[in-house]
Amino acid sequence: MALVLAPEPPVEDWLDALDAQVKRSPSFFDGRPVVLDLGALPIEEPDVAGLLQRLNGRGIRIIGTEGAHPSWQGLEAWAPLHANSTRPARPIDVPDESRAPPASMEGTSLLIDQPVRSGQSIVFEKGDVSVVGSVASGAEVIAGGSIHIYGALRGRAIAGLTGNNRARIFCRRMEAELLAIDGVYQTADDMSPTLRGKPVQAWLAGEAMMLALLD
Amino acid sequence: MATVVVVTSGKGGVGKTTSTAALGAALAQSGQNVVVVDFDVGLRNLDLVMGAERRVVFDLINVVQGDAKLPQALIRDKRIDTLSLLPASQTRDKDALTAEGVTRVIGELREKFDWVICDSPAGIERGATLAMRHADTAVVVTNPEVSSVRDSDRIIGMLDSKTVKAEKGERIEKHLLLTRYDSARAARGEMLKTEDVLEILSIPLLGIIPESEQVLRASNLGTPVTIGNPNSAAAKAYFDAARRLRGETLVVKVPADPRSFMGRLFGRRAVA
């Protein structure tokens, strides 16, 4: 899942705000693919190529741009992102440092012992998430590591968020709307109907997502 | 000790107002002191379903804003004297509800009644969150349709996080009321099965109300079905649901197809 950065004029102020954010959570951009949305910049923005260099200098890995004006120079290296889907990349909420950690958090795993209801979003970047219960349609579980659902998975499971391609997704009943591991995703439409309602695991083999019955 | 109940669903048109009126009237007929409160400010309906629309003078907003005293706004039912209505305002909108005002009004109602039943508006915005805010118990009204079930799931999540009880770390009691259940369509597999709905929402079942002419007619006549047609299948289901709310344990009956009896009579045609 790519992150979207949308610079706003004046660019200097925007970069300062970005630096402040990076200072608050230094590992926020680590290993994350970033798409740059240039749509908010004025057409006469003189130094877009320079902006890209300065972002790269901050260790931000830009994989593509959106909303660039055709007249701008220096964007060849960052041709518009060829997404393999019509779904637009979604901005991810910046983690709020002031928010207290969940009560049941222990080290690198998070245990949720109640159903994840529609509209709820569980985000845990530090490691694995286990849910004892179901994940409803319209709910999502996002983990830096693997995801374990001891119930029906009817919503979205997004594992390996921080660039972990060895992350896996396990569920006792596969009815997911979307699965993603390290940016590679599948929607319900792409999944084999023989897996529906069954215990399933998902993992990455290279750039392909594999799904198989657990028993 | 009063119990505050919110009747909620997320989705509109599933039967919240009808169920509020029917449950309120059923509880009141068992001798309990009941008030039904319309939180659907701007789109009030409960007064019509209760048949009190011609007696509304002051409303919830007047009381919340301190323009009227609570006893001035309460309307006593003419048929059951332990049943009262606190109507909503039709001319205002949900922004007129303030959190402090609602807290005060619910507190005053708790002192006067055994049951305070709040009819929530559809949606997940201010009106709905304020209606559920002080609830001890929630009745989640759901139709056996996928859209209704998902919206109910969302509401259950909010009940577990946005109510006063939840914020204090206590558990709010939640019950599923399955309404507009059509046994003929269920038999043809055109609706979600009861067990599927229960599996998805995983909260206890309060009752199954059959889709029926009597319920629709009762709403249009301003007579809750538990007053106007107490012997109908729907009214009996509401009476049972009210007894379960009071803590009784009763087996939930799945409404049978009304045509199946005739079907059984004439189903086996002799071959000439």
# chains A, B, ... in the order shown; residues from 1 in each chain; ligands from 1
call {"tool": "interface_residues", "arguments": {"of": "chain B", "to": "chain A", "cutoff": "10 Å", "atoms": "only C-alpha atoms", "output": "list in words"}}
result
Val146, Val149, Arg150, Asp151, Ser152, Asp153, Arg154, Ile155, Ile156, Gly157, Met158, Asp160, Glu199, Ile200, Leu201 and Ser202 of chain B
call {"tool": "write_last_selection", "arguments": {"atoms": "all heavy atoms", "output": "compact mmCIF listing (two decimals), in the first residue's frame"}}
result
# COMPACT_ATOMS: atom_id res chain seq x y z
N VAL B 146 -28.44 -7.82 3.92
CA VAL B 146 -27.00 -7.59 4.13
C VAL B 146 -26.69 -6.14 4.51
O VAL B 146 -25.87 -5.89 5.39
CB VAL B 146 -26.15 -8.00 2.91
CG1 VAL B 146 -25.96 -9.50 2.89
CG2 VAL B 146 -26.74 -7.51 1.63
N VAL B 149 -27.63 -5.45 8.12
CA VAL B 149 -26.76 -6.15 9.06
C VAL B 149 -25.42 -5.44 9.20
O VAL B 149 -24.92 -5.24 10.30
CB VAL B 149 -26.56 -7.62 8.62
CG1 VAL B 149 -25.49 -8.30 9.47
CG2 VAL B 149 -27.87 -8.39 8.73
N ARG B 150 -24.86 -4.98 8.08
CA ARG B 150 -23.57 -4.29 8.17
C ARG B 150 -23.70 -2.98 8.94
O ARG B 150 -22.85 -2.63 9.75
CB ARG B 150 -22.99 -4.05 6.78
CG ARG B 150 -21.60 -3.42 6.87
CD ARG B 150 -20.80 -3.59 5.62
NE ARG B 150 -21.25 -2.69 4.59
CZ ARG B 150 -20.70 -2.63 3.38
NH1 ARG B 150 -19.72 -3.44 3.06
NH2 ARG B 150 -21.15 -1.80 2.49
N ASP B 151 -24.80 -2.23 8.69
CA ASP B 151 -25.00 -0.97 9.41
C ASP B 151 -25.19 -1.23 10.90
O ASP B 151 -24.70 -0.47 11.74
CB ASP B 151 -26.20 -0.22 8.85
CG ASP B 151 -25.93 0.32 7.45
OD1 ASP B 151 -24.79 0.13 6.97
OD2 ASP B 151 -26.82 0.93 6.84
N SER B 152 -25.90 -2.30 11.24
CA SER B 152 -26.09 -2.64 12.65
C SER B 152 -24.76 -2.97 13.30
O SER B 152 -24.50 -2.61 14.45
CB SER B 152 -27.02 -3.85 12.80
OG SER B 152 -28.33 -3.47 12.41
N ASP B 153 -23.89 -3.66 12.56
CA ASP B 153 -22.57 -4.00 13.08
C ASP B 153 -21.80 -2.73 13.43
O ASP B 153 -21.16 -2.63 14.47
CB ASP B 153 -21.82 -4.82 12.04
CG ASP B 153 -20.64 -5.54 12.63
OD1 ASP B 153 -20.86 -6.38 13.52
OD2 ASP B 153 -19.50 -5.26 12.23
N ARG B 154 -21.90 -1.76 12.53
CA ARG B 154 -21.22 -0.48 12.77
C ARG B 154 -21.75 0.18 14.05
O ARG B 154 -21.01 0.69 14.87
CB ARG B 154 -21.46 0.42 11.56
CG ARG B 154 -20.96 1.83 11.68
CD ARG B 154 -19.60 2.01 11.05
NE ARG B 154 -18.83 2.97 11.81
CZ ARG B 154 -18.38 4.12 11.33
NH1 ARG B 154 -18.56 4.41 10.08
NH2 ARG B 154 -17.71 4.95 12.08
N ILE B 155 -23.10 0.15 14.21
CA ILE B 155 -23.72 0.76 15.38
C ILE B 155 -23.29 0.04 16.66
O ILE B 155 -23.03 0.68 17.69
CB ILE B 155 -25.26 0.75 15.22
CG1 ILE B 155 -25.71 1.86 14.28
CG2 ILE B 155 -25.96 0.88 16.55
CD1 ILE B 155 -25.54 3.27 14.83
N ILE B 156 -23.16 -1.28 16.60
CA ILE B 156 -22.75 -2.03 17.79
C ILE B 156 -21.34 -1.60 18.20
O ILE B 156 -21.05 -1.41 19.38
CB ILE B 156 -22.81 -3.56 17.53
CG1 ILE B 156 -24.26 -3.99 17.30
CG2 ILE B 156 -22.23 -4.32 18.72
CD1 ILE B 156 -24.41 -5.40 16.79
N GLY B 157 -20.48 -1.38 17.20
CA GLY B 157 -19.14 -0.89 17.50
C GLY B 157 -19.18 0.47 18.19
O GLY B 157 -18.41 0.73 19.12
N MET B 158 -20.11 1.32 17.75
CA MET B 158 -20.22 2.65 18.38
C MET B 158 -20.79 2.54 19.79
O MET B 158 -20.38 3.27 20.69
CB MET B 158 -21.09 3.56 17.52
CG MET B 158 -20.47 3.82 16.16
SD MET B 158 -21.48 4.88 15.14
CE MET B 158 -21.29 6.44 15.99
N ASP B 160 -20.23 0.24 21.80
CA ASP B 160 -19.14 -0.24 22.64
C ASP B 160 -18.05 0.80 22.86
O ASP B 160 -17.09 0.54 23.58
CB ASP B 160 -18.51 -1.51 22.04
CG ASP B 160 -19.39 -2.72 22.28
OD1 ASP B 160 -20.14 -2.71 23.28
OD2 ASP B 160 -19.32 -3.68 21.49
N GLU B 199 -24.80 -14.88 13.81
CA GLU B 199 -23.38 -15.21 13.74
C GLU B 199 -22.55 -13.96 13.43
O GLU B 199 -21.50 -13.72 14.03
CB GLU B 199 -23.17 -16.29 12.69
CG GLU B 199 -21.93 -17.15 12.90
CD GLU B 199 -20.74 -16.59 12.15
OE1 GLU B 199 -20.90 -16.16 10.98
OE2 GLU B 199 -19.66 -16.55 12.72
N ILE B 200 -23.06 -13.14 12.50
CA ILE B 200 -22.32 -11.94 12.11
C ILE B 200 -22.30 -10.93 13.25
O ILE B 200 -21.27 -10.37 13.59
CB ILE B 200 -22.94 -11.31 10.84
CG1 ILE B 200 -22.71 -12.23 9.64
CG2 ILE B 200 -22.33 -9.93 10.57
CD1 ILE B 200 -23.43 -11.79 8.38
N LEU B 201 -23.45 -10.69 13.88
CA LEU B 201 -23.54 -9.62 14.87
C LEU B 201 -23.14 -10.09 16.27
O LEU B 201 -22.76 -9.28 17.10
CB LEU B 201 -24.95 -9.03 14.89
CG LEU B 201 -25.38 -8.35 13.58
CD1 LEU B 201 -26.80 -7.82 13.69
CD2 LEU B 201 -24.44 -7.22 13.21
N SER B 202 -23.24 -11.37 16.51
CA SER B 202 -22.90 -12.00 17.80
C SER B 202 -23.38 -11.21 19.02
O SER B 202 -22.60 -10.86 19.90
CB SER B 202 -21.41 -12.33 17.91
OG SER B 202 -20.60 -11.22 17.63
call {"tool": "residues_around", "arguments": {"residues": "Trp115 in chain B", "least_positions_apart": "2", "cutoff": "9 Å", "atoms": "only C-alpha atoms", "output": "MDAnalysis selection string"}}
result
chainID B and resid 1:5 24 27:28 32:36 109:110 113 117
call {"tool": "write_last_selection", "arguments": {"atoms": "C-alpha atoms", "output": "mmCIF file, in the first residue's frame"}}
result
data_model
loop_
_atom_site.group_PDB
_atom_site.id
_atom_site.type_symbol
_atom_site.label_atom_id
_atom_site.label_comp_id
_atom_site.auth_asym_id
_atom_site.auth_seq_id
_atom_site.Cartn_x
_atom_site.Cartn_y
_atom_site.Cartn_z
ATOM 1 C CA MET B 1 -33.708 2.101 39.306
ATOM 2 C CA ALA B 2 -34.612 3.248 35.822
ATOM 3 C CA THR B 3 -33.311 1.559 32.701
ATOM 4 C CA VAL B 4 -32.460 3.713 29.681
ATOM 5 C CA VAL B 5 -32.929 1.813 26.419
ATOM 6 C CA GLY B 24 -42.986 0.910 25.092
ATOM 7 C CA LEU B 27 -43.843 -2.652 28.899
ATOM 8 C CA ALA B 28 -46.408 -0.081 30.056
ATOM 9 C CA GLN B 32 -44.166 -0.381 34.303
ATOM 10 C CA ASN B 33 -43.816 3.389 34.130
ATOM 11 C CA VAL B 34 -42.552 4.056 30.593
ATOM 12 C CA VAL B 35 -41.565 7.113 28.585
ATOM 13 C CA VAL B 36 -40.716 6.930 24.887
ATOM 14 C CA LEU B 109 -36.486 11.148 33.142
ATOM 15 C CA ARG B 110 -34.599 8.497 35.142
ATOM 16 C CA PHE B 113 -39.873 6.488 35.078
ATOM 17 C CA ILE B 117 -36.879 4.285 25.674
#
call {"tool": "residues_around", "arguments": {"residues": "range 30-42 of chain A", "least_positions_apart": "4", "cutoff": "8 Å", "atoms": "only C-alpha atoms", "output": "JSON, numbers by chain"}}
result
{"A": [1, 2, 3, 4, 5, 6, 7, 8, 9, 59, 60, 61, 62, 63, 64, 65, 66, 67, 68, 81, 162, 163]}
call {"tool": "write_last_selection", "arguments": {"atoms": "N, CA and C atoms", "output": "short mmCIF file (atom, residue, chain, number, x, y, z; two decimals), in the first residue's frame"}}
result
data_model
loop_
_atom_site.label_atom_id
_atom_site.label_comp_id
_atom_site.auth_asym_id
_atom_site.auth_seq_id
_atom_site.Cartn_x
_atom_site.Cartn_y
_atom_site.Cartn_z
N MET A 1 0.84 -1.18 0.00
CA MET A 1 0.00 0.00 0.00
C MET A 1 0.88 1.24 0.00
N ALA A 2 0.73 2.09 -1.01
CA ALA A 2 1.59 3.27 -1.11
C ALA A 2 1.01 4.42 -0.31
N LEU A 3 1.90 5.24 0.19
CA LEU A 3 1.51 6.43 0.93
C LEU A 3 1.43 7.58 -0.07
N VAL A 4 0.52 8.50 0.11
CA VAL A 4 0.44 9.64 -0.80
C VAL A 4 0.88 10.89 -0.07
N LEU A 5 1.86 11.61 -0.64
CA LEU A 5 2.26 12.91 -0.11
C LEU A 5 1.77 13.97 -1.07
N ALA A 6 1.12 15.00 -0.56
CA ALA A 6 0.59 16.05 -1.43
C ALA A 6 1.18 17.40 -1.02
N PRO A 7 2.27 17.82 -1.65
CA PRO A 7 2.88 19.11 -1.30
C PRO A 7 1.91 20.25 -1.59
N GLU A 8 1.94 21.26 -0.70
CA GLU A 8 1.09 22.43 -0.90
C GLU A 8 1.98 23.67 -0.94
N PRO A 9 1.60 24.64 -1.76
CA PRO A 9 2.37 25.88 -1.76
C PRO A 9 2.08 26.66 -0.47
N GLY A 59 15.35 10.56 2.46
CA GLY A 59 15.16 9.11 2.56
C GLY A 59 13.74 8.68 2.25
N ILE A 60 12.97 9.55 1.59
CA ILE A 60 11.60 9.19 1.24
C ILE A 60 11.61 8.56 -0.15
N ARG A 61 11.11 7.35 -0.23
CA ARG A 61 11.22 6.55 -1.46
C ARG A 61 10.01 6.85 -2.35
N ILE A 62 10.22 7.70 -3.36
CA ILE A 62 9.11 8.07 -4.24
C ILE A 62 9.05 7.10 -5.41
N ILE A 63 7.91 6.49 -5.61
CA ILE A 63 7.79 5.52 -6.69
C ILE A 63 6.97 6.07 -7.84
N GLY A 64 6.41 7.25 -7.71
CA GLY A 64 5.65 7.79 -8.83
C GLY A 64 5.04 9.12 -8.46
N THR A 65 4.52 9.83 -9.48
CA THR A 65 3.87 11.10 -9.22
C THR A 65 2.49 11.10 -9.85
N GLU A 66 1.65 11.95 -9.31
CA GLU A 66 0.31 12.13 -9.84
C GLU A 66 0.05 13.62 -9.98
N GLY A 67 -0.82 13.99 -10.88
CA GLY A 67 -1.28 15.37 -10.97
C GLY A 67 -0.22 16.36 -11.45
N ALA A 68 0.83 15.84 -12.09
CA ALA A 68 1.87 16.75 -12.57
C ALA A 68 1.40 17.42 -13.87
N LEU A 81 2.53 6.83 -11.89
CA LEU A 81 2.49 5.47 -11.34
C LEU A 81 1.51 4.62 -12.13
N THR A 162 4.97 -2.42 6.92
CA THR A 162 6.26 -1.72 6.94
C THR A 162 7.28 -2.41 6.04
N GLY A 163 6.83 -3.02 4.97
CA GLY A 163 7.74 -3.62 4.00
C GLY A 163 8.18 -5.03 4.37
#
call {"tool": "closest_residue", "arguments": {"among": "B:Ala128, B:Leu192, B:Val197, B:Ile61", "to": "Thr91 in chain B", "atoms": "only C-alpha atoms"}}
result
B:Ile61
call {"tool": "select_by_dssp", "arguments": {"residues": "range 121-181 of chain B", "states": "strand (DSSP E or B)", "output": "list in words"}}
result
Thr137, Ala138, Val139, Val140, Val141, Thr142, Glu173, Lys174, His175, Leu176, Leu177, Leu178, Thr179, Arg180 and Tyr181 of chain B
call {"tool": "write_last_selection", "arguments": {"atoms": "N, CA, C and O atoms", "output": "CSV table (one decimal), in the first residue's frame"}}
result
chain,number,residue,atom,x,y,z
B,137,THR,N,-29.0,-0.1,28.0
B,137,THR,CA,-29.3,-1.3,27.2
B,137,THR,C,-29.6,-0.8,25.8
B,137,THR,O,-30.2,0.3,25.6
B,138,ALA,N,-29.2,-1.5,24.8
B,138,ALA,CA,-29.5,-1.1,23.4
B,138,ALA,C,-30.3,-2.2,22.7
B,138,ALA,O,-30.1,-3.4,22.9
B,139,VAL,N,-31.4,-1.8,22.0
B,139,VAL,CA,-32.1,-2.7,21.1
B,139,VAL,C,-31.7,-2.4,19.7
B,139,VAL,O,-32.0,-1.3,19.2
B,140,VAL,N,-30.9,-3.3,19.1
B,140,VAL,CA,-30.4,-3.1,17.7
B,140,VAL,C,-31.4,-3.7,16.7
B,140,VAL,O,-31.6,-4.9,16.7
B,141,VAL,N,-32.2,-2.8,16.0
B,141,VAL,CA,-33.2,-3.2,15.1
B,141,VAL,C,-32.6,-3.5,13.8
B,141,VAL,O,-31.9,-2.7,13.2
B,142,THR,N,-32.8,-4.8,13.3
B,142,THR,CA,-32.1,-5.2,12.0
B,142,THR,C,-33.1,-6.0,11.2
B,142,THR,O,-33.9,-6.7,11.7
B,173,GLU,N,-25.5,-3.4,27.6
B,173,GLU,CA,-26.2,-4.7,27.2
B,173,GLU,C,-26.8,-4.4,25.8
B,173,GLU,O,-27.4,-3.4,25.5
B,174,LYS,N,-26.6,-5.4,24.9
B,174,LYS,CA,-27.1,-5.2,23.5
B,174,LYS,C,-28.0,-6.4,23.1
B,174,LYS,O,-27.6,-7.5,23.4
B,175,HIS,N,-29.1,-6.1,22.5
B,175,HIS,CA,-30.0,-7.1,22.1
B,175,HIS,C,-30.4,-6.9,20.6
B,175,HIS,O,-30.5,-5.8,20.1
B,176,LEU,N,-30.5,-8.0,19.9
B,176,LEU,CA,-30.9,-7.9,18.5
B,176,LEU,C,-32.4,-8.1,18.3
B,176,LEU,O,-33.0,-9.1,18.8
B,177,LEU,N,-33.1,-7.2,17.7
B,177,LEU,CA,-34.5,-7.3,17.3
B,177,LEU,C,-34.6,-7.4,15.8
B,177,LEU,O,-34.3,-6.5,15.1
B,178,LEU,N,-34.9,-8.6,15.4
B,178,LEU,CA,-35.0,-8.9,13.9
B,178,LEU,C,-36.4,-8.5,13.5
B,178,LEU,O,-37.3,-9.2,13.9
B,179,THR,N,-36.5,-7.5,12.6
B,179,THR,CA,-37.8,-7.1,12.2
B,179,THR,C,-38.1,-7.3,10.7
B,179,THR,O,-37.1,-7.6,10.0
B,180,ARG,N,-39.3,-7.1,10.3
B,180,ARG,CA,-39.7,-7.3,8.9
B,180,ARG,C,-39.3,-8.7,8.4
B,180,ARG,O,-38.9,-8.8,7.2
B,181,TYR,N,-39.4,-9.7,9.3
B,181,TYR,CA,-39.1,-11.0,8.9
B,181,TYR,C,-40.2,-11.6,8.1
B,181,TYR,O,-41.3,-11.7,8.5
